[in-house]
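The structure file my_file-v8.txt is reproduced below (compact mmCIF, C-alpha atoms).
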```txt
# COMPACT_ATOMS: atom_id res chain seq x y z
CA MET E 1 -14.48 -17.87 -0.80
CA ASN E 2 -16.45 -21.02 -0.02
CA TYR E 3 -14.25 -23.03 2.36
CA CYS E 4 -11.96 -22.31 5.31
CA SER E 5 -8.36 -22.38 4.08
CA HIS E 6 -7.27 -23.63 7.50
CA CYS E 7 -9.66 -26.50 8.26
CA GLY E 8 -11.49 -27.04 4.93
CA LYS E 9 -15.02 -26.65 6.33
CA PRO E 10 -17.55 -24.30 4.66
CA VAL E 11 -17.34 -20.62 5.64
CA THR E 12 -20.21 -18.22 6.26
CA HIS E 13 -20.27 -14.54 5.28
CA ARG E 14 -21.38 -12.49 8.27
CA ILE E 15 -20.37 -9.77 10.71
CA PRO E 16 -18.26 -11.37 13.46
CA THR E 17 -18.89 -10.46 17.10
CA GLY E 18 -17.21 -7.16 17.95
CA ASP E 19 -16.71 -6.27 14.29
CA ASN E 20 -18.75 -4.03 11.99
CA ARG E 21 -18.04 -5.54 8.57
CA HIS E 22 -18.98 -8.71 6.77
CA ARG E 23 -16.17 -11.28 6.79
CA TYR E 24 -15.75 -14.87 5.75
CA VAL E 25 -15.89 -16.74 9.04
CA CYS E 26 -15.31 -20.42 9.82
CA ASP E 27 -17.76 -21.64 12.45
CA HIS E 28 -15.77 -24.87 12.79
CA CYS E 29 -12.31 -23.53 13.72
CA ASN E 30 -13.45 -19.92 14.41
CA ARG E 31 -10.97 -18.32 12.04
CA ILE E 32 -11.88 -15.01 10.40
CA HIS E 33 -10.57 -14.64 6.85
CA TYR E 34 -9.83 -10.95 6.35
CA GLU E 35 -9.45 -9.55 2.85
CA ASN E 36 -7.45 -6.38 2.24
CA PRO E 37 -6.43 -4.15 -0.68
CA ARG E 38 -3.39 -5.04 -2.73
CA ILE E 39 -0.57 -2.77 -3.83
CA VAL E 40 0.44 -2.41 -7.48
CA ALA E 41 3.97 -0.97 -7.74
CA GLY E 42 5.65 0.38 -10.86
CA THR E 43 7.97 2.98 -12.33
CA ILE E 44 8.16 5.85 -14.79
CA PRO E 45 11.45 4.82 -16.42
CA VAL E 46 13.23 7.86 -17.89
CA TRP E 47 16.04 7.87 -20.46
CA GLY E 48 17.11 11.37 -21.46
CA ASP E 49 13.92 13.23 -22.31
CA ARG E 50 11.92 10.11 -23.02
CA ILE E 51 9.95 7.64 -20.93
CA LEU E 52 9.62 3.90 -21.39
CA LEU E 53 6.19 2.37 -21.93
CA CYS E 54 5.19 -1.26 -22.51
CA ARG E 55 2.38 -2.57 -24.68
CA ARG E 56 0.48 -5.25 -22.76
CA ALA E 57 0.58 -8.83 -24.04
CA ILE E 58 -2.02 -10.02 -21.53
CA GLU E 59 -5.54 -9.20 -20.47
CA PRO E 60 -6.95 -6.96 -19.17
CA ARG E 61 -6.28 -4.30 -21.81
CA ARG E 62 -4.09 -6.39 -24.10
CA GLY E 63 -2.49 -4.21 -26.78
CA PHE E 64 -2.71 -1.01 -24.70
CA TRP E 65 0.27 0.92 -23.37
CA THR E 66 1.25 0.91 -19.71
CA LEU E 67 4.01 1.84 -17.33
CA PRO E 68 5.78 -1.27 -16.05
CA ALA E 69 3.95 -2.25 -12.85
CA GLY E 70 2.49 -5.23 -11.06
CA PHE E 71 1.37 -6.71 -7.77
CA MET E 72 3.77 -6.27 -4.87
CA GLU E 73 4.83 -9.62 -3.40
CA ASN E 74 5.30 -10.63 0.22
CA SER E 75 8.82 -10.11 1.65
CA GLU E 76 9.70 -7.21 -0.64
CA THR E 77 9.45 -3.43 -0.33
CA THR E 78 7.36 -1.21 -2.61
CA LEU E 79 10.59 0.06 -4.16
CA GLU E 80 11.88 -3.48 -4.74
CA ALA E 81 8.55 -4.45 -6.28
CA ALA E 82 8.68 -1.48 -8.67
CA VAL E 83 12.25 -2.31 -9.74
CA ARG E 84 11.40 -6.00 -10.20
CA GLU E 85 8.31 -5.29 -12.29
CA THR E 86 10.32 -2.92 -14.51
CA LEU E 87 12.88 -5.64 -15.11
CA GLU E 88 10.19 -8.28 -15.77
CA GLU E 89 7.93 -6.25 -18.06
CA ALA E 90 10.38 -3.92 -19.79
CA MET E 91 13.65 -5.87 -19.34
CA ALA E 92 15.12 -2.65 -17.99
CA ASP E 93 17.42 -2.01 -15.03
CA VAL E 94 16.47 1.19 -13.25
CA THR E 95 17.62 3.27 -10.33
CA ILE E 96 14.81 4.82 -8.32
CA ASP E 97 14.68 8.61 -8.08
CA GLY E 98 11.75 8.85 -5.68
CA LEU E 99 8.19 7.90 -4.86
CA TYR E 100 5.86 9.83 -7.14
CA THR E 101 2.17 8.84 -7.20
CA VAL E 102 0.02 7.01 -4.65
CA LEU E 103 -3.36 6.37 -6.27
CA ASP E 104 -6.17 4.59 -4.48
CA VAL E 105 -8.50 2.54 -6.65
CA PRO E 106 -11.09 1.52 -4.07
CA HIS E 107 -13.63 -0.10 -6.40
CA ILE E 108 -11.07 -2.80 -7.23
CA ASP E 109 -9.38 -2.86 -3.81
CA GLN E 110 -6.01 -1.68 -5.06
CA VAL E 111 -3.48 1.05 -4.30
CA HIS E 112 -1.15 1.94 -7.17
CA MET E 113 2.27 3.38 -6.36
CA PHE E 114 4.61 4.71 -9.04
CA PHE E 115 8.24 5.69 -8.60
CA ARG E 116 10.30 8.00 -10.81
CA ALA E 117 13.24 6.01 -12.14
CA THR E 118 16.16 6.30 -14.54
CA LEU E 119 17.28 3.56 -16.92
CA THR E 120 20.70 2.34 -15.83
CA ASN E 121 22.16 1.78 -19.30
CA GLY E 122 19.42 2.53 -21.81
CA HIS E 123 18.73 -1.16 -22.48
CA TYR E 124 15.16 -2.38 -22.56
CA GLY E 125 12.95 -4.93 -24.29
CA ALA E 126 9.64 -6.74 -24.21
CA GLY E 127 9.26 -8.99 -21.16
CA GLU E 128 6.92 -11.99 -21.18
CA GLU E 129 3.84 -9.92 -20.40
CA SER E 130 4.66 -7.22 -22.99
CA LEU E 131 4.27 -7.15 -26.78
CA GLU E 132 6.86 -4.40 -27.08
CA ALA E 133 8.59 -1.68 -25.07
CA GLU E 134 9.33 1.72 -26.51
CA LEU E 135 10.69 5.14 -25.50
CA PHE E 136 8.30 8.06 -25.99
CA GLY E 137 8.94 11.78 -25.87
CA LEU E 138 6.52 13.58 -23.53
CA ASP E 139 4.77 14.98 -26.64
CA GLU E 140 4.44 11.50 -28.13
CA ILE E 141 2.59 9.71 -25.33
CA PRO E 142 -0.23 7.59 -26.82
CA TRP E 143 -2.91 9.09 -24.58
CA GLU E 144 -5.77 7.34 -26.38
CA GLU E 145 -4.15 3.93 -26.06
CA LEU E 146 -3.23 3.87 -22.37
CA ALA E 147 -4.20 0.76 -20.43
CA PHE E 148 -5.47 2.10 -17.10
CA PRO E 149 -6.66 5.35 -15.45
CA THR E 150 -3.77 5.31 -12.95
CA ILE E 151 -1.29 5.22 -15.85
CA ARG E 152 -2.96 8.26 -17.41
CA GLU E 153 -3.09 10.08 -14.08
CA THR E 154 0.57 9.39 -13.32
CA LEU E 155 1.68 10.48 -16.81
CA GLU E 156 -0.48 13.63 -16.67
CA TYR E 157 1.14 14.61 -13.37
CA PHE E 158 4.57 13.79 -14.76
CA VAL E 159 4.19 15.90 -17.90
CA ARG E 160 2.96 18.87 -15.84
CA ASP E 161 5.64 18.53 -13.15
CA LYS E 162 8.36 18.05 -15.75
CA ALA E 163 7.75 21.62 -16.93
CA GLU E 164 8.91 22.83 -13.50
CA ASN E 165 11.29 19.91 -12.97
CA HIS E 166 9.76 19.54 -9.51
CA PHE E 167 8.08 16.25 -8.60
CA PRO E 168 6.26 16.29 -5.26
CA VAL E 169 4.55 13.05 -4.24
CA ARG E 170 1.02 13.05 -5.63
CA LEU E 171 -1.83 11.41 -3.73
CA GLY E 172 -5.12 10.76 -5.44
CA ASP E 173 -7.91 8.34 -6.00
CA ILE E 174 -9.42 6.91 -9.13
CA ARG E 175 -13.07 5.97 -9.11
CA ARG E 176 -13.40 5.72 -12.87
CA LYS E 177 -13.83 2.32 -14.46
CA LEU E 178 -11.25 0.54 -16.57
CA GLY E 179 -10.57 2.27 -19.86
CA GLN E 180 -12.56 5.40 -19.04
CA MET B 1 -3.10 -22.40 4.30
CA ASN B 2 -4.13 -26.04 4.13
CA TYR B 3 -7.24 -26.12 1.95
CA CYS B 4 -8.47 -24.42 -1.21
CA SER B 5 -10.90 -21.64 -0.23
CA HIS B 6 -12.77 -22.19 -3.51
CA CYS B 7 -13.29 -25.98 -3.66
CA GLY B 8 -12.20 -27.17 -0.20
CA LYS B 9 -9.60 -29.70 -1.40
CA PRO B 10 -6.05 -29.73 0.09
CA VAL B 11 -3.58 -27.25 -1.46
CA THR B 12 0.08 -27.84 -2.24
CA HIS B 13 2.88 -25.27 -1.82
CA ARG B 14 4.93 -25.15 -5.00
CA ILE B 15 6.07 -22.95 -7.88
CA PRO B 16 3.28 -22.89 -10.48
CA THR B 17 4.16 -23.28 -14.17
CA GLY B 18 5.35 -19.97 -15.60
CA ASP B 19 5.90 -18.47 -12.14
CA ASN B 20 9.07 -18.12 -10.08
CA ARG B 21 7.70 -18.11 -6.53
CA HIS B 22 6.15 -20.66 -4.22
CA ARG B 23 2.36 -20.31 -4.06
CA TYR B 24 -0.47 -22.26 -2.52
CA VAL B 25 -1.96 -24.12 -5.48
CA CYS B 26 -5.08 -26.26 -5.74
CA ASP B 27 -4.47 -29.25 -7.99
CA HIS B 28 -8.19 -30.00 -7.99
CA CYS B 29 -9.65 -26.72 -9.34
CA ASN B 30 -6.28 -25.24 -10.48
CA ARG B 31 -6.65 -22.02 -8.52
CA ILE B 32 -3.52 -20.24 -7.33
CA HIS B 33 -3.91 -18.50 -3.98
CA TYR B 34 -1.69 -15.42 -4.05
CA GLU B 35 -0.70 -13.71 -0.83
CA ASN B 36 0.27 -10.04 -0.82
CA PRO B 37 1.38 -7.37 1.66
CA ARG B 38 -1.20 -5.44 3.64
CA ILE B 39 -1.41 -1.70 4.21
CA VAL B 40 -1.60 -0.21 7.70
CA ALA B 41 -2.92 3.37 7.52
CA GLY B 42 -2.89 5.94 10.30
CA THR B 43 -2.48 9.58 11.24
CA ILE B 44 -0.38 11.99 13.24
CA PRO B 45 -3.27 13.94 14.78
CA VAL B 46 -2.16 17.47 15.70
CA TRP B 47 -3.90 19.89 18.06
CA GLY B 48 -2.03 23.15 18.49
CA ASP B 49 1.57 22.21 19.25
CA ARG B 50 0.69 18.74 20.52
CA ILE B 51 0.09 15.35 18.93
CA LEU B 52 -2.37 12.69 19.95
CA LEU B 53 -1.10 9.23 20.91
CA CYS B 54 -3.05 6.17 22.07
CA ARG B 55 -1.96 3.56 24.58
CA ARG B 56 -2.72 0.10 23.19
CA ALA B 57 -5.32 -2.04 24.97
CA ILE B 58 -4.58 -5.09 22.82
CA GLU B 59 -1.63 -7.27 21.88
CA PRO B 60 0.86 -6.98 20.37
CA ARG B 61 2.51 -4.31 22.52
CA ARG B 62 -0.36 -3.83 24.96
CA GLY B 63 0.31 -0.81 27.18
CA PHE B 64 2.66 0.89 24.71
CA TRP B 65 1.95 4.16 22.91
CA THR B 66 1.05 4.35 19.26
CA LEU B 67 -0.30 6.65 16.60
CA PRO B 68 -3.87 5.68 15.66
CA ALA B 69 -3.53 3.22 12.76
CA GLY B 70 -4.80 -0.11 11.51
CA PHE B 71 -5.33 -2.38 8.54
CA MET B 72 -6.84 -0.74 5.47
CA GLU B 73 -10.10 -2.42 4.43
CA ASN B 74 -11.39 -3.27 0.96
CA SER B 75 -13.48 -0.57 -0.74
CA GLU B 76 -11.83 2.35 1.04
CA THR B 77 -8.92 4.65 0.21
CA THR B 78 -5.74 4.93 2.28
CA LEU B 79 -6.92 8.36 3.42
CA GLU B 80 -10.35 7.03 4.42
CA ALA B 81 -8.68 4.16 6.30
CA ALA B 82 -6.46 6.58 8.22
CA VAL B 83 -9.41 8.80 9.16
CA ARG B 84 -11.51 5.77 10.20
CA GLU B 85 -8.75 4.30 12.37
CA THR B 86 -8.25 7.66 14.09
CA LEU B 87 -11.95 7.79 14.92
CA GLU B 88 -11.99 4.16 16.12
CA GLU B 89 -8.83 4.20 18.22
CA ALA B 90 -8.68 7.79 19.45
CA MET B 91 -12.36 8.80 19.07
CA ALA B 92 -11.10 11.85 17.20
CA ASP B 93 -12.39 13.51 14.03
CA VAL B 94 -9.52 14.72 11.88
CA THR B 95 -8.98 16.52 8.61
CA ILE B 96 -6.07 15.22 6.58
CA ASP B 97 -3.22 17.63 5.80
CA GLY B 98 -1.20 15.31 3.58
CA LEU B 99 0.48 11.95 3.14
CA TYR B 100 3.62 11.88 5.25
CA THR B 101 5.42 8.53 5.68
CA VAL B 102 5.38 5.37 3.58
CA LEU B 103 7.33 2.71 5.48
CA ASP B 104 7.82 -0.78 4.14
CA VAL B 105 8.04 -3.54 6.72
CA PRO B 106 8.91 -6.50 4.48
CA HIS B 107 9.60 -9.09 7.19
CA ILE B 108 5.96 -8.90 8.24
CA ASP B 109 4.53 -8.21 4.74
CA GLN B 110 3.18 -4.77 5.61
CA VAL B 111 3.39 -1.21 4.31
CA HIS B 112 2.63 1.49 6.87
CA MET B 113 1.31 4.83 5.64
CA PHE B 114 0.85 7.81 7.95
CA PHE B 115 -0.94 11.06 7.15
CA ARG B 116 -0.51 14.41 8.85
CA ALA B 117 -3.87 15.42 10.28
CA THR B 118 -5.51 18.08 12.42
CA LEU B 119 -8.12 17.41 15.11
CA THR B 120 -11.39 18.94 13.99
CA ASN B 121 -12.59 20.12 17.39
CA GLY B 122 -10.01 18.98 19.95
CA HIS B 123 -12.18 16.13 21.19
CA TYR B 124 -10.64 12.70 21.67
CA GLY B 125 -10.89 9.64 23.88
CA ALA B 126 -9.95 5.99 24.28
CA GLY B 127 -11.53 3.78 21.61
CA GLU B 128 -12.13 0.08 22.21
CA GLU B 129 -8.57 -0.90 21.34
CA SER B 130 -7.00 1.86 23.44
CA LEU B 131 -6.44 2.16 27.21
CA GLU B 132 -6.18 5.94 26.93
CA ALA B 133 -5.50 8.73 24.45
CA GLU B 134 -3.42 11.76 25.34
CA LEU B 135 -1.94 14.90 23.75
CA PHE B 136 1.85 15.18 24.00
CA GLY B 137 4.13 18.13 23.28
CA LEU B 138 6.94 17.20 20.88
CA ASP B 139 9.36 17.33 23.85
CA GLU B 140 7.13 14.97 25.84
CA ILE B 141 6.90 12.01 23.44
CA PRO B 142 7.36 8.75 25.39
CA TRP B 143 10.17 7.46 23.14
CA GLU B 144 10.94 4.48 25.35
CA GLU B 145 7.32 3.35 25.43
CA LEU B 146 6.42 3.44 21.72
CA ALA B 147 4.71 0.37 20.32
CA PHE B 148 6.36 -0.13 16.92
CA PRO B 149 9.41 0.93 14.90
CA THR B 150 7.26 2.65 12.25
CA ILE B 151 5.69 4.83 14.97
CA ARG B 152 9.13 5.87 16.18
CA GLU B 153 10.36 6.52 12.63
CA THR B 154 7.30 8.62 11.77
CA LEU B 155 7.56 10.65 14.97
CA GLU B 156 11.31 11.16 14.52
CA TYR B 157 10.72 12.54 11.01
CA PHE B 158 7.87 14.68 12.29
CA VAL B 159 9.86 16.27 15.11
CA ARG B 160 12.74 17.07 12.74
CA ASP B 161 10.49 18.39 9.95
CA LYS B 162 8.44 20.44 12.43
CA ALA B 163 11.54 22.55 13.13
CA GLU B 164 11.44 23.71 9.48
CA ASN B 165 7.64 23.41 9.23
CA HIS B 166 8.20 21.55 5.96
CA PHE B 167 6.88 18.01 5.64
CA PRO B 168 7.94 16.21 2.45
CA VAL B 169 6.67 12.66 2.01
CA ARG B 170 9.17 10.29 3.61
CA LEU B 171 9.78 6.84 2.15
CA GLY B 172 11.68 4.24 4.15
CA ASP B 173 11.85 0.67 5.22
CA ILE B 174 12.03 -0.93 8.60
CA ARG B 175 13.81 -4.22 8.95
CA ARG B 176 14.10 -4.08 12.71
CA LYS B 177 12.05 -6.42 14.82
CA LEU B 178 9.15 -5.43 17.01
CA GLY B 179 10.17 -3.30 19.96
CA GLN B 180 13.74 -2.73 18.80
```

As structure tokens - that is how I would like this structure written.
Amino acid sequence: MNYCSHCGKPVTHRIPTGDNRHRYVCDHCNRIHYENPRIVAGTIPVWGDRILLCRRAIEPRRGFWTLPAGFMENSETTLEAAVRETLEEAMADVTIDGLYTVLDVPHIDQVHMFFRATLTNGHYGAGEESLEAELFGLDEIPWEELAFPTIRETLEYFVRDKAENHFPVRLGDIRRKLGQ
Amino acid sequence: MNYCSHCGKPVTHRIPTGDNRHRYVCDHCNRIHYENPRIVAGTIPVWGDRILLCRRAIEPRRGFWTLPAGFMENSETTLEAAVRETLEEAMADVTIDGLYTVLDVPHIDQVHMFFRATLTNGHYGAGEESLEAELFGLDEIPWEELAFPTIRETLEYFVRDKAENHFPVRLGDIRRKLGQ
């Protein structure tokens, strides 16, 4: 951030009076430009005993497998964001069965939230940001080709909880780097 | 948003190529300025059979009672944000017992997340943004003087779940306006 988005004058990066963190501050119009973490919302789409994964068509991690997920937009709920991303990336209609994982990723200022979901009619396909979409049995998950740590974490929880068919909400944080 | 925070030139508000939503776009440096919901994180601090509420010293809803909560910052987890806000607003150290409510508030582009927590040593006080902090029995909650709908919703869930002493994570959305 170099300029004030309100008045267009240069900003400075300093601790404002009464605050204890560095912020981008405009000394012309006195606005403080706060920056906050973003939410990534997605689903674990289930059809029978299989789950739907997408192979990414875009960077980062092009060619790797992911659960359908993406940045939550203004004016929608986390659940609506997860359903929308599943439709966009996997061309699949889902009904939500419940919130499942809430995974903080503080080094990239994100919180990832995954919902358990069921495909409405078994239809799916590759959306614009996917190379392909495919159903995998829980013993067929391509663990070595997963796109992100939160995808692995969510799938690991899911496989374990599926054995008991009990899916409590899982809170965690990921401090590993991309691909590790 | 009037100006590009990167190059300082005026932005336009339009749907970028390949997108389906209005964004602030800089036609000079081609940056797209996405805006996303923010997370408010807080706690239900418990001490014995009572919970700690704060009376707000700042607008909006100055003078009304709230659970300690505030905007999550970059580089922290939701849990760390909730603990920090409890220390700042209620001057109370807490240990977190679990995630409890996740409440979407789409008309103001926020997601509120409350954690169940226990006061570490029973000490508390009024932080800078609070007029006072006070412990309330569950039959003493000032329902008519609560600051926000998500506070009411969280406390309503808590009182009901306390009867069974079972606190599953509660997902919901609030589309009511402030104070209703």

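Between chain B and the candidates E:Phe167, E:Phe71, E:Trp47, E:Phe64, the tightest atom-to-atom separation, counting only C-alpha atoms, involves E:Phe71.
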
### Task
Could you please tell me, as a VMD selection string, which residues of chain B have an atom within 7 Å of chain E when using only C-alpha atoms?
chain B and resid 1 to 8 35 to 38 72 to 78 104 106 to 107 109 169

### Task
Write out as a PyMOL selection string each polymer residue whose atoms come within 10 Å of stretch 143-157 of chain E, counting only C-alpha atoms; drop sequence neighbours fewer than 3 positions from it.
chain E and resi 42-44+51+53-56+60-69+100-105+111-115+138-140+160-162+167-170+172-180

Fit chain E to chain B, all Cα atoms paired in order, least squares. Then write it as a short mmCIF file (atom, residue, chain, number, x, y, z; two decimals) with C-alpha atoms, in the frame of the given file.
```
data_model
loop_
_atom_site.label_atom_id
_atom_site.label_comp_id
_atom_site.auth_asym_id
_atom_site.auth_seq_id
_atom_site.Cartn_x
_atom_site.Cartn_y
_atom_site.Cartn_z
CA MET E 1 -3.12 -22.41 4.29
CA ASN E 2 -4.12 -26.07 4.10
CA TYR E 3 -7.24 -26.15 1.91
CA CYS E 4 -8.46 -24.43 -1.26
CA SER E 5 -10.89 -21.67 -0.26
CA HIS E 6 -12.76 -22.21 -3.52
CA CYS E 7 -13.27 -25.98 -3.71
CA GLY E 8 -12.20 -27.19 -0.22
CA LYS E 9 -9.60 -29.71 -1.44
CA PRO E 10 -6.06 -29.74 0.03
CA VAL E 11 -3.58 -27.27 -1.49
CA THR E 12 0.08 -27.84 -2.27
CA HIS E 13 2.87 -25.28 -1.83
CA ARG E 14 4.93 -25.15 -5.01
CA ILE E 15 6.07 -22.95 -7.87
CA PRO E 16 3.29 -22.88 -10.49
CA THR E 17 4.15 -23.26 -14.18
CA GLY E 18 5.36 -19.95 -15.60
CA ASP E 19 5.90 -18.46 -12.15
CA ASN E 20 9.07 -18.12 -10.07
CA ARG E 21 7.70 -18.11 -6.52
CA HIS E 22 6.15 -20.66 -4.22
CA ARG E 23 2.36 -20.33 -4.05
CA TYR E 24 -0.48 -22.28 -2.53
CA VAL E 25 -1.96 -24.11 -5.50
CA CYS E 26 -5.09 -26.26 -5.77
CA ASP E 27 -4.47 -29.24 -8.04
CA HIS E 28 -8.20 -30.00 -8.03
CA CYS E 29 -9.64 -26.71 -9.36
CA ASN E 30 -6.28 -25.23 -10.49
CA ARG E 31 -6.65 -22.01 -8.54
CA ILE E 32 -3.52 -20.22 -7.34
CA HIS E 33 -3.91 -18.51 -3.97
CA TYR E 34 -1.70 -15.42 -4.06
CA GLU E 35 -0.71 -13.70 -0.83
CA ASN E 36 0.28 -10.04 -0.82
CA PRO E 37 1.39 -7.38 1.68
CA ARG E 38 -1.20 -5.46 3.64
CA ILE E 39 -1.40 -1.73 4.22
CA VAL E 40 -1.59 -0.22 7.71
CA ALA E 41 -2.93 3.35 7.53
CA GLY E 42 -2.89 5.93 10.31
CA THR E 43 -2.49 9.57 11.24
CA ILE E 44 -0.37 11.99 13.24
CA PRO E 45 -3.26 13.93 14.79
CA VAL E 46 -2.16 17.48 15.69
CA TRP E 47 -3.90 19.91 18.05
CA GLY E 48 -2.02 23.17 18.46
CA ASP E 49 1.57 22.21 19.24
CA ARG E 50 0.70 18.77 20.52
CA ILE E 51 0.11 15.38 18.93
CA LEU E 52 -2.36 12.70 19.95
CA LEU E 53 -1.11 9.26 20.92
CA CYS E 54 -3.04 6.19 22.08
CA ARG E 55 -1.94 3.57 24.59
CA ARG E 56 -2.72 0.12 23.21
CA ALA E 57 -5.32 -2.02 24.98
CA ILE E 58 -4.57 -5.07 22.84
CA GLU E 59 -1.64 -7.24 21.90
CA PRO E 60 0.87 -6.96 20.38
CA ARG E 61 2.52 -4.31 22.56
CA ARG E 62 -0.35 -3.78 24.98
CA GLY E 63 0.32 -0.77 27.21
CA PHE E 64 2.67 0.91 24.71
CA TRP E 65 1.96 4.18 22.93
CA THR E 66 1.05 4.36 19.25
CA LEU E 67 -0.30 6.65 16.59
CA PRO E 68 -3.86 5.67 15.67
CA ALA E 69 -3.53 3.22 12.77
CA GLY E 70 -4.82 -0.10 11.52
CA PHE E 71 -5.34 -2.38 8.56
CA MET E 72 -6.84 -0.75 5.48
CA GLU E 73 -10.10 -2.44 4.45
CA ASN E 74 -11.38 -3.29 0.99
CA SER E 75 -13.49 -0.58 -0.72
CA GLU E 76 -11.83 2.33 1.07
CA THR E 77 -8.93 4.63 0.23
CA THR E 78 -5.74 4.92 2.29
CA LEU E 79 -6.92 8.35 3.43
CA GLU E 80 -10.34 7.01 4.44
CA ALA E 81 -8.68 4.15 6.31
CA ALA E 82 -6.45 6.58 8.23
CA VAL E 83 -9.42 8.78 9.18
CA ARG E 84 -11.51 5.76 10.22
CA GLU E 85 -8.75 4.29 12.38
CA THR E 86 -8.25 7.66 14.10
CA LEU E 87 -11.94 7.79 14.93
CA GLU E 88 -11.99 4.16 16.13
CA GLU E 89 -8.82 4.20 18.24
CA ALA E 90 -8.69 7.80 19.46
CA MET E 91 -12.36 8.81 19.09
CA ALA E 92 -11.10 11.84 17.19
CA ASP E 93 -12.39 13.52 14.03
CA VAL E 94 -9.52 14.71 11.87
CA THR E 95 -8.98 16.52 8.62
CA ILE E 96 -6.06 15.21 6.58
CA ASP E 97 -3.22 17.62 5.81
CA GLY E 98 -1.20 15.30 3.59
CA LEU E 99 0.48 11.95 3.14
CA TYR E 100 3.62 11.87 5.26
CA THR E 101 5.41 8.52 5.69
CA VAL E 102 5.38 5.36 3.58
CA LEU E 103 7.32 2.70 5.48
CA ASP E 104 7.83 -0.79 4.15
CA VAL E 105 8.06 -3.55 6.74
CA PRO E 106 8.92 -6.49 4.50
CA HIS E 107 9.61 -9.09 7.20
CA ILE E 108 5.95 -8.91 8.24
CA ASP E 109 4.54 -8.21 4.77
CA GLN E 110 3.18 -4.79 5.62
CA VAL E 111 3.40 -1.23 4.31
CA HIS E 112 2.64 1.48 6.87
CA MET E 113 1.31 4.82 5.65
CA PHE E 114 0.86 7.81 7.95
CA PHE E 115 -0.93 11.04 7.15
CA ARG E 116 -0.51 14.41 8.87
CA ALA E 117 -3.88 15.42 10.28
CA THR E 118 -5.51 18.09 12.43
CA LEU E 119 -8.12 17.42 15.10
CA THR E 120 -11.41 18.93 13.99
CA ASN E 121 -12.59 20.13 17.40
CA GLY E 122 -10.02 18.99 19.95
CA HIS E 123 -12.19 16.12 21.18
CA TYR E 124 -10.64 12.71 21.67
CA GLY E 125 -10.89 9.65 23.88
CA ALA E 126 -9.96 6.01 24.27
CA GLY E 127 -11.53 3.79 21.61
CA GLU E 128 -12.12 0.08 22.22
CA GLU E 129 -8.56 -0.90 21.34
CA SER E 130 -6.99 1.88 23.45
CA LEU E 131 -6.43 2.19 27.21
CA GLU E 132 -6.17 5.96 26.95
CA ALA E 133 -5.50 8.75 24.46
CA GLU E 134 -3.43 11.78 25.34
CA LEU E 135 -1.93 14.91 23.76
CA PHE E 136 1.86 15.19 23.97
CA GLY E 137 4.13 18.13 23.28
CA LEU E 138 6.94 17.23 20.86
CA ASP E 139 9.35 17.34 23.84
CA GLU E 140 7.13 14.99 25.83
CA ILE E 141 6.91 12.04 23.44
CA PRO E 142 7.38 8.78 25.40
CA TRP E 143 10.16 7.50 23.14
CA GLU E 144 10.95 4.51 25.35
CA GLU E 145 7.34 3.36 25.43
CA LEU E 146 6.43 3.46 21.73
CA ALA E 147 4.70 0.39 20.33
CA PHE E 148 6.33 -0.12 16.93
CA PRO E 149 9.41 0.95 14.90
CA THR E 150 7.25 2.66 12.26
CA ILE E 151 5.68 4.83 14.98
CA ARG E 152 9.13 5.87 16.18
CA GLU E 153 10.34 6.51 12.64
CA THR E 154 7.29 8.61 11.76
CA LEU E 155 7.55 10.65 14.98
CA GLU E 156 11.31 11.17 14.52
CA TYR E 157 10.71 12.53 11.01
CA PHE E 158 7.87 14.68 12.29
CA VAL E 159 9.86 16.27 15.11
CA ARG E 160 12.74 17.06 12.72
CA ASP E 161 10.49 18.40 9.95
CA LYS E 162 8.45 20.44 12.41
CA ALA E 163 11.55 22.55 13.10
CA GLU E 164 11.42 23.71 9.46
CA ASN E 165 7.64 23.41 9.21
CA HIS E 166 8.19 21.55 5.95
CA PHE E 167 6.88 17.99 5.63
CA PRO E 168 7.94 16.21 2.44
CA VAL E 169 6.67 12.65 2.01
CA ARG E 170 9.17 10.27 3.61
CA LEU E 171 9.79 6.82 2.15
CA GLY E 172 11.67 4.24 4.14
CA ASP E 173 11.84 0.67 5.22
CA ILE E 174 12.03 -0.94 8.61
CA ARG E 175 13.83 -4.23 8.96
CA ARG E 176 14.11 -4.09 12.73
CA LYS E 177 12.02 -6.45 14.82
CA LEU E 178 9.10 -5.46 16.99
CA GLY E 179 10.11 -3.33 19.95
CA GLN E 180 13.70 -2.80 18.81
#
```

### Task
Take atom CA of E:Val25 and atom CA of E:Thr12 and report the distance between them in Å, one decimal.
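Going from atom CA of E:Val25 over to atom CA of E:Thr12 covers 5.3 Å.
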
### Message
Need the shell around E:Ala133: protein/DNA/RNA residues with any atom at most 9 Å away, counting only C-alpha atoms. Skip same-chain ones fewer than 2 positions apart. Format as a PyMOL selection string?
### Response
chain E and resi 52-55+65+89-91+124-127+130-131+135

### Query
atom CA of B:Arg116 and atom CA of B:Val46, how far apart in Å?
7.7 Å

### Message
Rounded to one decimal, what separation in Å do you get between atom CA of E:Gly70 and atom CA of B:Ile96?
### Response
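Answer for the atom CA of E:Gly70 to atom CA of B:Ile96 separation: 28.3 Å.
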
Taking all atoms of stretch 137-151 of chain E that appear in the file, build a box with edges along x, y and z, extend it by 6 Å on every side, and state its centre and edge lengths in Å to one decimal, as lines of an AutoDock Vina configuration file.
```
center_x = 1.1
center_y = 7.9
center_z = -20.5
size_x = 27.6
size_y = 26.2
size_z = 27.2
```

### Query
So which residues touch stretch 15-17 of chain B within 10 Å, counting all atoms listed in the file, skipping near sequence neighbours fewer than 5 positions away, as a list in words?
His22, Arg23, Tyr24, Val25, Asn30 and Ile32 of chain B
